[in-house]
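Chemist: Structure: run-v5.cif, mmCIF, C-alpha atoms.
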data_upload
#
loop_
_atom_site.label_atom_id
_atom_site.label_comp_id
_atom_site.auth_asym_id
_atom_site.auth_seq_id
_atom_site.Cartn_x
_atom_site.Cartn_y
_atom_site.Cartn_z
CA MET A 1 21.58 171.25 16.22
CA LYS A 2 21.80 174.57 14.40
CA LYS A 3 18.04 175.01 14.81
CA ILE A 4 18.26 174.51 18.59
CA VAL A 5 21.10 177.06 18.95
CA TYR A 6 19.28 179.55 16.73
CA ALA A 7 16.01 179.09 18.72
CA ALA A 8 17.89 179.58 22.02
CA ILE A 9 19.46 182.82 20.73
CA VAL A 10 16.06 184.16 19.61
CA VAL A 11 14.48 183.28 22.98
CA LEU A 12 17.33 184.95 24.90
CA ALA A 13 17.15 188.05 22.70
CA LEU A 14 13.40 188.41 23.26
CA ALA A 15 13.68 187.77 27.00
CA SER A 16 16.32 190.48 27.40
CA CYS A 17 14.08 193.21 25.91
CA LYS A 18 12.71 195.52 28.57
CA LYS A 19 8.93 195.72 28.53
CA ALA A 20 8.88 199.13 30.23
CA GLU A 21 10.68 200.76 27.31
CA THR A 22 8.01 199.73 24.84
CA GLU A 23 5.01 200.85 26.93
CA ALA A 24 3.94 204.46 27.31
CA PRO A 25 3.84 205.66 30.93
CA LYS A 26 0.36 205.43 32.42
CA GLU A 27 -1.16 208.32 34.37
CA LYS A 28 -1.91 207.48 37.94
CA ALA A 29 -5.65 207.65 38.57
CA ILE A 30 -6.72 210.06 41.30
CA ALA A 31 -8.74 208.39 44.04
CA TYR A 32 -11.79 210.19 45.45
CA LYS A 33 -14.26 209.61 48.24
CA SER A 34 -17.81 210.46 47.14
CA PHE A 35 -20.41 212.42 49.13
CA GLY A 36 -24.01 213.04 48.09
CA ASP A 37 -25.03 212.13 44.54
CA SER A 38 -22.61 210.02 42.54
CA ILE A 39 -20.60 212.24 40.19
CA SER A 40 -17.47 211.86 38.08
CA ALA A 41 -14.49 214.15 37.75
CA ASP A 42 -15.02 214.40 33.99
CA GLY A 43 -15.94 217.83 32.68
CA ALA A 44 -15.02 219.79 35.82
CA ILE A 45 -13.93 223.37 35.14
CA THR A 46 -11.24 225.20 37.10
CA LYS A 47 -11.90 227.61 39.95
CA GLU A 48 -10.60 230.39 37.67
CA GLU A 49 -13.20 229.57 35.02
CA LEU A 50 -15.96 229.50 37.64
CA PHE A 51 -14.85 232.85 39.06
CA THR A 52 -15.20 234.40 35.60
CA LYS A 53 -18.75 233.02 35.40
CA TYR A 54 -19.59 234.30 38.91
CA LYS A 55 -18.71 237.84 37.80
CA ASP A 56 -21.52 237.70 35.20
CA LEU A 57 -24.19 236.42 37.64
CA LYS A 58 -26.75 238.67 39.32
CA GLU A 59 -28.75 237.85 42.43
CA GLY A 60 -31.43 235.35 41.37
CA ASP A 61 -29.35 233.81 38.54
CA THR A 62 -28.16 230.20 38.84
CA LEU A 63 -25.66 228.21 36.85
CA GLU A 64 -25.40 224.38 36.76
CA VAL A 65 -21.69 223.63 36.96
CA LYS A 66 -19.02 221.19 38.15
CA PHE A 67 -15.73 222.64 39.29
CA ALA A 68 -12.49 221.73 41.05
CA SER A 69 -10.99 223.68 43.93
CA THR A 70 -9.36 223.39 47.35
CA ILE A 71 -11.24 223.53 50.65
CA LYS A 72 -10.33 226.61 52.70
CA GLU A 73 -12.59 225.88 55.65
CA VAL A 74 -15.23 223.39 56.83
CA CYS A 75 -17.99 223.81 59.43
CA GLN A 76 -16.43 222.51 62.63
CA LYS A 77 -19.76 221.52 64.21
CA LYS A 78 -20.99 218.98 61.63
CA GLY A 79 -19.27 219.57 58.30
CA CYS A 80 -22.52 221.08 56.97
CA TRP A 81 -20.82 223.75 54.81
CA MET A 82 -17.42 224.56 53.36
CA GLN A 83 -15.56 227.47 51.81
CA LEU A 84 -13.73 226.71 48.55
CA GLU A 85 -10.88 228.75 47.12
CA LEU A 86 -11.52 231.13 44.23
CA PRO A 87 -9.00 233.52 42.64
CA GLU A 88 -8.14 236.95 44.05
CA GLU A 89 -8.57 235.77 47.67
CA ASN A 90 -12.30 235.12 47.12
CA SER A 91 -14.16 231.98 48.09
CA ALA A 92 -17.33 230.08 47.26
CA PHE A 93 -19.61 229.27 50.20
CA VAL A 94 -20.89 225.72 49.63
CA LYS A 95 -23.96 224.18 51.27
CA PHE A 96 -25.27 220.70 50.55
CA LYS A 97 -28.55 219.90 48.82
CA ASP A 98 -31.38 219.06 51.22
CA TYR A 99 -28.84 219.02 54.07
CA GLY A 100 -28.33 215.47 52.81
CA PHE A 101 -24.64 214.93 53.51
CA PHE A 102 -21.71 216.42 55.41
CA MET A 103 -17.98 216.77 54.84
CA PRO A 104 -15.32 215.42 57.20
CA LEU A 105 -14.32 218.07 59.76
CA ASN A 106 -10.63 217.57 58.93
CA SER A 107 -10.97 218.04 55.16
CA ALA A 108 -9.61 221.62 55.00
CA LYS A 109 -6.81 221.99 52.40
CA SER A 110 -8.10 218.94 50.50
CA ASN A 111 -8.84 219.04 46.79
CA VAL A 112 -12.46 218.56 45.78
CA ILE A 113 -14.75 218.50 42.78
CA VAL A 114 -18.26 219.77 43.44
CA ASN A 115 -21.33 219.53 41.24
CA GLY A 116 -24.41 221.70 41.62
CA LYS A 117 -25.70 225.25 41.28
CA ALA A 118 -23.59 228.39 41.48
CA PHE A 119 -25.31 231.65 42.41
CA VAL A 120 -24.72 235.02 44.04
CA SER A 121 -26.53 235.71 47.32
CA VAL A 122 -26.74 238.38 50.00
CA GLU A 123 -26.11 236.88 53.46
CA SER A 124 -27.73 238.58 56.46
CA VAL A 125 -25.76 239.66 59.52
CA ASP A 126 -27.44 236.90 61.57
CA GLU A 127 -26.44 234.22 59.04
CA LEU A 128 -22.87 235.53 58.84
CA ARG A 129 -22.59 235.48 62.63
CA HIS A 130 -24.00 231.94 62.73
CA TYR A 131 -21.40 230.75 60.19
CA ALA A 132 -18.61 232.52 62.11
CA LYS A 133 -19.71 230.75 65.30
CA ASP A 134 -19.79 227.38 63.48
CA ALA A 135 -16.27 228.07 62.21
CA GLY A 136 -15.04 228.55 65.79
CA LYS A 137 -14.32 232.29 65.44
CA SER A 138 -13.80 234.39 68.56
CA GLN A 139 -16.69 236.36 70.06
CA ALA A 140 -14.91 239.59 69.07
CA ALA A 141 -14.77 238.43 65.44
CA ILE A 142 -18.45 237.45 65.56
CA ASP A 143 -19.44 240.81 67.06
CA SER A 144 -17.46 242.67 64.37
CA ILE A 145 -19.91 241.43 61.70
CA VAL A 146 -22.28 244.36 61.26
CA ASP A 147 -23.12 244.47 57.53
CA PRO A 148 -24.77 242.00 55.14
CA GLU A 149 -22.39 240.56 52.59
CA THR A 150 -22.73 239.54 48.94
CA THR A 151 -21.25 236.07 48.57
CA TYR A 152 -20.42 233.62 45.82
CA SER A 153 -22.63 230.68 46.82
CA PHE A 154 -22.92 227.09 45.69
CA LEU A 155 -25.52 224.39 46.39
CA ALA A 156 -23.76 221.05 45.90
CA ASP A 157 -25.59 217.83 45.11
CA GLY A 158 -22.38 215.78 44.88
CA VAL A 159 -18.79 216.13 46.05
CA LEU A 160 -15.63 214.18 45.27
CA LEU A 161 -12.97 214.53 47.99
CA GLN A 162 -9.47 213.60 46.87
CA LYS A 163 -8.02 210.84 49.08
#
Kindly return the structure encoded in the file as structure tokens.

Modeler:
Amino acid sequence: MKKIVYAAIVVLALASCKKAETEAPKEKAIAYKSFGDSISADGAITKEELFTKYKDLKEGDTLEVKFASTIKEVCQKKGCWMQLELPEENSAFVKFKDYGFFMPLNSAKSNVIVNGKAFVSVESVDELRHYAKDAGKSQAAIDSIVDPETTYSFLADGVLLQK
């Protein structure tokens, strides 16, 4: 009889222990929707780190990189380009490799990870006006573009859009 009572006490003691207290909290995995080539979030640098690298690039230089940022703006015609936030109110103008994929038109303010080539380019007045038109800018804003502009550019082969 003593053995039965002792066994019951042990079982009750073990059953009353809370499992949650013994386990370390698990990080919630971030879910992404993938566009273009399949990439992972591993190894992505910050937009601040990329901005530092952009400052060292000259026209004609390219840098293979994966970085995380937030979408400022997306082409409202097809989603064929996007502007990503960089520090100091700058942005990276992102196009997609071989025009092979597009971003959702409502993805502004979403977090993304992009993989591809970073470079500095000089955009012509005609190109800048075309992009302004695609972005839905007013005719006055489009007409105010009169000078070429040096831009931080990026050719993405893969994008992860945070769900």

Chemist: Taking all atoms listed in the file into account, which of A:Val122, A:Val74, A:Val146, A:Leu160 comes nearest A:Asp134?

Modeler: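 For A:Asp134, the nearest of the given residues is A:Val74.
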
Chemist: Taking 6 positions as the minimum chain separation for residues in the same chain, which residues sit within 9 Å of A:Ile71 when counting all atoms listed in the file? Answer as a list in words.

Modeler: Met82, Gln83, Leu84, Glu85, Ser107, Ala108, Lys109, Ser110, Asn111 and Val112 of chain A

Chemist: As a check of understanding, name the residues that the PyMOL selection byres ((chain A and resi 121) around 12) selects in the supplied structure, as a list in words.

Modeler: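 The output of the PyMOL selection byres ((chain A and resi 121) around 12) on this file is Tyr54, Leu57, Lys58, Glu59, Gly60, Asp61, Thr62, Ala92, Phe93, Val94, Ala118, Phe119, Val120, Val122, Glu123, Ser124, Glu127, Pro148, Glu149, Thr150, Thr151, Tyr152, Ser153, Phe154 and Leu155 of chain A.
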
Chemist: Report as a ChimeraX atom specification the full result of the PyMOL selection byres ((chain A and resi 98) around 12) when it is applied to this structure.

Modeler: /A:36-37,80,95-97,99-102,155-158

Chemist: Considering only C-alpha atoms, can you say which of A:Lys66, A:Lys117, A:Lys47, A:Lys53 comes closest to A:Leu86?

Modeler: A:Lys47

Chemist: How many Å lie between atom CA of A:Phe67 and atom CA of A:Gln162, rounded to one decimal?

Modeler: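 If I compute the distance from atom CA of A:Phe67 to atom CA of A:Gln162, I get 13.4 Å.
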
Chemist: What is the distance, in Å and to one decimal place, between atom CA of A:Lys78 and atom CA of A:Gly136?

Modeler: 12.0 Å

Chemist: Choose the residue, out of A:Ala44, A:Ala140, A:Leu105, A:Ala29, that has the smallest atom-to-atom separation from A:Glu64; count all atoms listed in the file.

Modeler: A:Ala44

Chemist: When you count all atoms listed in the file, which of these residues is closest to A:Ser69: A:Ser34, A:Ser40, A:Ser138, A:Asn115?

Modeler: A:Asn115

Chemist: Using all atoms listed in the file, which residue out of A:Val159, A:Ile145, A:Cys75, A:Ala31 lies closest to A:Tyr131?

Modeler: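 Ranked by minimum distance to A:Tyr131, first place goes to A:Cys75.
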
Chemist: For each of A:Met103, A:Ile142, A:Ala68, A:Val125, take the minimum atom-to-atom distance to A:Glu48, counting only C-alpha atoms, then give the residue where this is smallest.

Modeler: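 Residue with the minimum atom-to-atom distance to A:Glu48: A:Ala68.
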
Chemist: Just the number, please: distance in Å from atom CA of A:Ala41 to atom CA of A:Ile113, one decimal.

Modeler: 6.7 Å

Chemist: Write out as JSON an axis-aligned box for stretch 103-117 of chain A: all of its atoms listed in the file, 5 Å added on each side, centre and edge lengths in Å with one decimal.

Modeler:
{"center_x": -16.3, "center_y": 220.3, "center_z": 50.5, "size_x": 28.9, "size_y": 19.8, "size_z": 28.5}
